[in-house]
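A.B. asks: One file is attached below, final.txt, containing compact mmCIF, C-alpha atoms.
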```txt
# COMPACT_ATOMS: atom_id res chain seq x y z
CA MET A 1 48.62 39.95 136.57
CA THR A 2 47.37 37.59 139.27
CA GLN A 3 49.08 37.76 142.65
CA TYR A 4 49.63 34.78 144.93
CA ASN A 5 47.45 34.96 148.02
CA PRO A 6 48.18 32.20 150.59
CA TYR A 7 44.84 32.84 152.31
CA THR A 8 42.89 31.56 149.31
CA GLN A 9 44.68 28.19 149.26
CA GLN A 10 42.17 25.48 150.08
CA THR A 11 42.88 22.05 151.56
CA GLN A 12 40.21 19.41 151.14
CA TYR A 13 38.70 18.00 154.35
CA ASN A 14 40.74 15.12 155.82
CA GLN A 15 43.54 15.58 153.31
CA GLN A 16 47.07 16.46 154.24
CA SER A 17 48.58 19.76 153.19
CA GLN A 18 51.65 19.99 150.97
CA TYR A 19 53.74 19.85 154.18
CA GLY A 20 52.34 16.46 155.25
CA GLN A 21 50.27 17.81 158.18
CA GLN A 22 46.56 17.96 158.83
CA PRO A 23 45.05 21.40 158.13
CA GLN A 24 45.09 23.76 161.13
CA ASP A 25 42.50 26.31 162.22
CA ARG A 26 41.99 28.81 159.48
CA GLU A 27 39.67 31.45 158.15
CA TYR A 28 37.09 30.26 155.63
CA GLY A 29 36.52 31.90 152.28
CA TRP A 30 32.96 32.83 151.35
CA ASP A 31 32.69 29.86 148.97
CA ASP A 32 34.54 27.22 151.05
CA THR A 33 32.94 23.86 151.86
CA ILE A 34 32.11 23.02 155.46
CA VAL A 35 31.69 19.48 156.80
CA SER A 36 31.69 19.35 160.62
CA ASP A 37 28.42 19.73 162.48
CA GLY A 38 30.34 20.70 165.62
CA PRO A 39 30.41 18.93 168.97
CA GLU A 40 27.25 17.48 170.45
CA PHE A 41 25.62 19.41 173.28
CA ILE A 42 26.09 17.46 176.51
CA LEU A 43 23.73 18.17 179.40
CA LEU A 44 25.53 17.15 182.57
CA PRO A 45 23.58 15.57 185.42
CA ALA A 46 23.53 17.79 188.51
CA GLY A 47 26.58 17.19 190.67
CA ASP A 48 30.16 18.18 191.46
CA TYR A 49 32.63 18.56 188.59
CA GLU A 50 36.22 19.61 188.06
CA PHE A 51 36.64 22.27 185.38
CA VAL A 52 39.23 24.18 183.40
CA VAL A 53 38.72 27.88 182.65
CA GLU A 54 38.74 27.86 178.86
CA SER A 55 38.41 31.62 178.29
CA TYR A 56 36.69 34.81 179.36
CA GLU A 57 35.29 37.88 177.67
CA ARG A 58 34.53 41.34 178.93
CA SER A 59 30.95 42.50 178.67
CA ARG A 60 28.38 44.73 180.38
CA THR A 61 25.05 44.04 182.02
CA LYS A 62 21.99 46.09 181.17
CA GLY A 63 21.10 46.15 184.85
CA THR A 64 18.40 44.09 186.50
CA GLY A 65 16.48 44.50 189.73
CA SER A 66 18.74 46.19 192.27
CA LEU A 67 21.86 46.06 190.06
CA PRO A 68 22.66 48.99 187.78
CA PRO A 69 24.35 48.53 184.38
CA CYS A 70 27.96 47.51 185.08
CA ASN A 71 30.90 45.42 183.88
CA MET A 72 30.49 41.68 183.61
CA ALA A 73 32.89 38.81 182.84
CA ILE A 74 31.57 35.89 180.80
CA VAL A 75 33.72 32.92 181.82
CA THR A 76 33.68 29.71 179.75
CA LEU A 77 34.29 26.60 181.84
CA ARG A 78 35.24 23.30 180.20
CA ILE A 79 34.22 20.07 181.90
CA ASP A 80 35.69 16.84 180.52
CA THR A 81 33.54 13.75 181.08
CA PRO A 82 33.64 10.17 179.79
CA ASN A 83 30.77 11.18 177.44
CA GLY A 84 32.67 14.14 175.99
CA ARG A 85 33.32 17.79 176.74
CA SER A 86 30.73 20.14 178.10
CA TYR A 87 31.02 23.92 178.23
CA ILE A 88 29.26 26.21 180.67
CA LYS A 89 29.20 29.98 180.34
CA HIS A 90 29.18 31.60 183.77
CA TYR A 91 28.41 35.29 184.23
CA LEU A 92 30.27 37.23 186.93
CA THR A 93 28.92 40.71 187.59
CA LEU A 94 31.57 43.20 188.68
CA HIS A 95 29.57 45.01 191.36
CA SER A 96 29.98 45.30 195.13
CA LYS A 97 26.69 43.42 195.67
CA CYS A 98 28.27 40.42 193.87
CA GLU A 99 31.69 40.59 195.56
CA GLY A 100 31.08 37.29 197.37
CA MET A 101 30.53 35.47 194.06
CA LEU A 102 33.67 37.03 192.57
CA SER A 103 35.64 36.04 195.66
CA ALA A 104 34.29 32.47 195.51
CA PHE A 105 35.37 32.13 191.87
CA PHE A 106 38.91 33.44 192.42
CA THR A 107 39.27 31.34 195.60
CA CYS A 108 38.08 28.26 193.73
CA ILE A 109 40.77 28.58 191.04
CA GLY A 110 43.48 29.25 193.63
CA LEU A 111 44.17 32.91 192.86
CA LYS A 112 42.68 34.27 196.11
CA LYS A 113 43.14 33.18 199.70
CA LYS A 114 40.10 33.33 201.95
CA GLY A 115 39.96 36.56 203.95
CA GLN A 116 42.69 38.30 201.92
CA PRO A 117 42.18 41.06 199.36
CA LEU A 118 42.86 40.35 195.69
CA GLN A 119 43.21 42.58 192.67
CA MET A 120 41.27 40.68 190.00
CA ARG A 121 43.70 39.59 187.24
CA TRP A 122 41.48 38.26 184.47
CA ASP A 123 44.47 37.57 182.22
CA LEU A 124 45.57 34.83 184.67
CA ILE A 125 42.34 32.80 184.69
CA PRO A 126 42.52 30.90 181.35
CA GLY A 127 43.92 27.45 182.12
CA CYS A 128 43.11 27.64 185.84
CA VAL A 129 41.29 24.66 187.32
CA GLY A 130 38.73 24.29 190.06
CA LYS A 131 35.72 22.36 191.25
CA CYS A 132 32.08 23.44 191.22
CA LYS A 133 28.54 22.24 191.83
CA VAL A 134 26.60 22.11 188.56
CA GLY A 135 22.82 22.28 188.42
CA ILE A 136 20.21 22.29 185.68
CA ARG A 137 17.99 25.25 184.86
CA LYS A 138 15.07 25.57 182.47
CA GLY A 139 15.75 28.20 179.80
CA ASN A 140 13.21 30.68 178.42
CA ASP A 141 13.05 28.46 175.33
CA GLY A 142 11.92 25.47 177.41
CA ASN A 143 15.24 23.62 177.06
CA ASP A 144 17.41 22.46 179.97
CA TYR A 145 20.85 24.00 180.50
CA ASN A 146 23.68 23.57 182.97
CA GLU A 147 24.62 26.33 185.38
CA VAL A 148 27.17 26.71 188.14
CA LYS A 149 25.44 26.68 191.53
CA GLN A 150 28.55 26.93 193.72
CA PHE A 151 32.34 27.20 193.47
CA TYR A 152 34.31 25.12 195.98
CA PRO A 153 37.39 26.73 197.52
CA ALA A 154 40.73 25.28 196.49
CA PRO A 155 42.44 23.50 199.40
CA ASP A 156 45.43 25.13 201.07
CA LEU A 157 48.62 23.84 199.49
CA GLY A 158 50.10 22.82 202.85
CA GLN A 159 46.98 20.94 203.93
CA ALA A 160 46.92 17.12 203.79
CA PRO A 161 44.23 16.00 201.32
CA THR A 162 41.21 14.02 202.46
CA GLY A 163 38.75 12.05 200.38
CA ASN A 164 36.46 15.08 199.87
CA GLN A 165 39.06 17.52 198.57
CA TYR A 166 40.86 17.96 195.30
CA THR A 167 44.15 19.45 194.19
CA PRO A 168 43.92 22.13 191.49
CA GLY A 169 45.49 20.87 188.29
CA ALA A 170 45.54 17.21 189.41
CA PHE A 171 42.65 15.23 187.99
```
Would you write the structure of this file as structure tokens?

C.D. replies:
Amino acid sequence: MTQYNPYTQQTQYNQQSQYGQQPQDREYGWDDTIVSDGPEFILLPAGDYEFVVESYERSRTKGTGSLPPCNMAIVTLRIDTPNGRSYIKHYLTLHSKCEGMLSAFFTCIGLKKKGQPLQMRWDLIPGCVGKCKVGIRKGNDGNDYNEVKQFYPAPDLGQAPTGNQYTPGAF
């Protein structure tokens, strides 16, 4: 007897499902057909950009130079441009020698006030917005990649905006 398994139902690319909707994200079967090549890689010119924290993952460093092996957050930043979306992975090492960088990140996305302590709440960062300086670095493979050079602090909410500042969440 064959049992019904909804996970083996296949919808052809660009066809509507039986419910009249486009197919949603789903797991592929081993023999499914794939079509999309994925988004194009966009190398941003160096400059200042507004970003949205897309996600983060917990990881560990192996230790380099004066830093021992320790916890590390890999934060994915999404930057929307007229040419498309660009994603930058930024690595935040959870070590006292890197506390200034951690503080700059949390201040940038509005979760920390300058000069005040903050318990890092990683679960709150997806969806947060901020502004950063993006640069270009040469990878070990000879290709160019974007990297965050600096996080700009979010303005105080009670402060009147000037031409150089931005309001988190307002693009």

A.B. asks: What does the distance from atom CA of Leu43 of chain A to atom CA of Ile109 of chain A come to in Å, to one decimal?

C.D. replies: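 Taking atom CA of Leu43 of chain A as the start and atom CA of Ile109 of chain A as the end point, the length is 23.1 Å.
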
A.B. asks: Ranking A:Asn143, A:Ser66, A:Ser59, A:Asn83 by minimum distance to Ser96 of chain A and counting all atoms listed in the file, which one comes first?

C.D. replies: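 Answer, going by the shortest atom-to-atom distance: A:Ser66.
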
A.B. asks: Taking (30.5, 43.8, 187.8) in the coordinates of the supplied file, I want to know which residues reach to within 9 Å of it, counting all atoms listed in the file; could you give the answer as a compact mmCIF listing (two decimals) with C-alpha atoms, in the frame of the given file?

C.D. replies:
```txt
# COMPACT_ATOMS: atom_id res chain seq x y z
CA ARG A 60 28.38 44.73 180.38
CA THR A 61 25.05 44.04 182.02
CA PRO A 69 24.35 48.53 184.38
CA CYS A 70 27.96 47.51 185.08
CA ASN A 71 30.90 45.42 183.88
CA MET A 72 30.49 41.68 183.61
CA ALA A 73 32.89 38.81 182.84
CA LEU A 92 30.27 37.23 186.93
CA THR A 93 28.92 40.71 187.59
CA LEU A 94 31.57 43.20 188.68
CA HIS A 95 29.57 45.01 191.36
CA SER A 96 29.98 45.30 195.13
CA LYS A 97 26.69 43.42 195.67
CA CYS A 98 28.27 40.42 193.87
CA GLU A 99 31.69 40.59 195.56
CA LEU A 102 33.67 37.03 192.57
```

A.B. asks: To one decimal place, how far is atom CA of Lys133 of chain A from atom CA of Ile79 of chain A in Å?

C.D. replies: 11.6 Å

A.B. asks: Could you tell me which of A:Gly29, A:Pro45, A:Pro153, A:Pro126 comes closest to Phe106 of chain A if we count all atoms listed in the file?

C.D. replies: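 The shortest atom-to-atom distance to Phe106 of chain A comes from A:Pro153.
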
A.B. asks: Using all atoms listed in the file, which residue out of A:Gly115, A:Pro68, A:Gly130, A:Gly47 lies closest to Pro155 of chain A?

C.D. replies: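 Of A:Gly115, A:Pro68, A:Gly130, A:Gly47, the one nearest Pro155 of chain A is A:Gly130, counting all atoms listed in the file.
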
A.B. asks: If we count only C-alpha atoms, what is near Thr81 of chain A at a cut-off of 9 Å, once residues fewer than 3 positions away on the same chain are taken out, given as a PDB file with C-alpha atoms, keeping the file's coordinate frame?

C.D. replies:
```
ATOM      1  CA  LEU A  44      25.530  17.150 182.570  1.00  0.00           C
ATOM      2  CA  TYR A  49      32.630  18.560 188.590  1.00  0.00           C
ATOM      3  CA  GLY A  84      32.670  14.140 175.990  1.00  0.00           C
ATOM      4  CA  ARG A  85      33.320  17.790 176.740  1.00  0.00           C
ATOM      5  CA  SER A  86      30.730  20.140 178.100  1.00  0.00           C
TER       6      SER A  86
END
```

A.B. asks: Smallest atom-to-atom distance to Val129 of chain A: which of A:Glu40, A:Glu54, A:Asp31, A:Asp25, using all atoms listed in the file?

C.D. replies: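 Among the listed residues, A:Glu54 lies closest to Val129 of chain A.
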
A.B. asks: Find the spatial neighbours of Cys128 of chain A, counting all atoms listed in the file, within a cut-off of 12 Å - ignore same-chain residues fewer than 3 positions away - and output them as a ChimeraX atom specification.

C.D. replies: /A:50-56,75-78,105-111,122-125,131,154,167-170

A.B. asks: Based on the selection just made, write C-alpha atoms of those residues as a PDB file, keeping the file's coordinate frame.

C.D. replies:
```
ATOM      1  CA  GLU A  50      36.220  19.610 188.060  1.00  0.00           C
ATOM      2  CA  PHE A  51      36.640  22.270 185.380  1.00  0.00           C
ATOM      3  CA  VAL A  52      39.230  24.180 183.400  1.00  0.00           C
ATOM      4  CA  VAL A  53      38.720  27.880 182.650  1.00  0.00           C
ATOM      5  CA  GLU A  54      38.740  27.860 178.860  1.00  0.00           C
ATOM      6  CA  SER A  55      38.410  31.620 178.290  1.00  0.00           C
ATOM      7  CA  TYR A  56      36.690  34.810 179.360  1.00  0.00           C
ATOM      8  CA  VAL A  75      33.720  32.920 181.820  1.00  0.00           C
ATOM      9  CA  THR A  76      33.680  29.710 179.750  1.00  0.00           C
ATOM     10  CA  LEU A  77      34.290  26.600 181.840  1.00  0.00           C
ATOM     11  CA  ARG A  78      35.240  23.300 180.200  1.00  0.00           C
ATOM     12  CA  PHE A 105      35.370  32.130 191.870  1.00  0.00           C
ATOM     13  CA  PHE A 106      38.910  33.440 192.420  1.00  0.00           C
ATOM     14  CA  THR A 107      39.270  31.340 195.600  1.00  0.00           C
ATOM     15  CA  CYS A 108      38.080  28.260 193.730  1.00  0.00           C
ATOM     16  CA  ILE A 109      40.770  28.580 191.040  1.00  0.00           C
ATOM     17  CA  GLY A 110      43.480  29.250 193.630  1.00  0.00           C
ATOM     18  CA  LEU A 111      44.170  32.910 192.860  1.00  0.00           C
ATOM     19  CA  TRP A 122      41.480  38.260 184.470  1.00  0.00           C
ATOM     20  CA  ASP A 123      44.470  37.570 182.220  1.00  0.00           C
ATOM     21  CA  LEU A 124      45.570  34.830 184.670  1.00  0.00           C
ATOM     22  CA  ILE A 125      42.340  32.800 184.690  1.00  0.00           C
ATOM     23  CA  LYS A 131      35.720  22.360 191.250  1.00  0.00           C
ATOM     24  CA  ALA A 154      40.730  25.280 196.490  1.00  0.00           C
ATOM     25  CA  THR A 167      44.150  19.450 194.190  1.00  0.00           C
ATOM     26  CA  PRO A 168      43.920  22.130 191.490  1.00  0.00           C
ATOM     27  CA  GLY A 169      45.490  20.870 188.290  1.00  0.00           C
ATOM     28  CA  ALA A 170      45.540  17.210 189.410  1.00  0.00           C
TER      29      ALA A 170
END
```

A.B. asks: Which one of A:Phe41, A:Cys132, A:Leu118, A:Gly100 sits closest to Tyr87 of chain A if you count all atoms listed in the file?

C.D. replies: A:Phe41

A.B. asks: Go ahead and compute the interatomic distance for atom CA of Lys138 of chain A and atom CA of Ala46 of chain A, in Å to one decimal.

C.D. replies: 13.0 Å

A.B. asks: Out of A:Gly139, A:Val134, A:Val35, A:Lys149, which residue has the shortest atom-to-atom distance to Asp48 of chain A when counting all atoms listed in the file?

C.D. replies: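 The closest residue to Asp48 of chain A is A:Val134.
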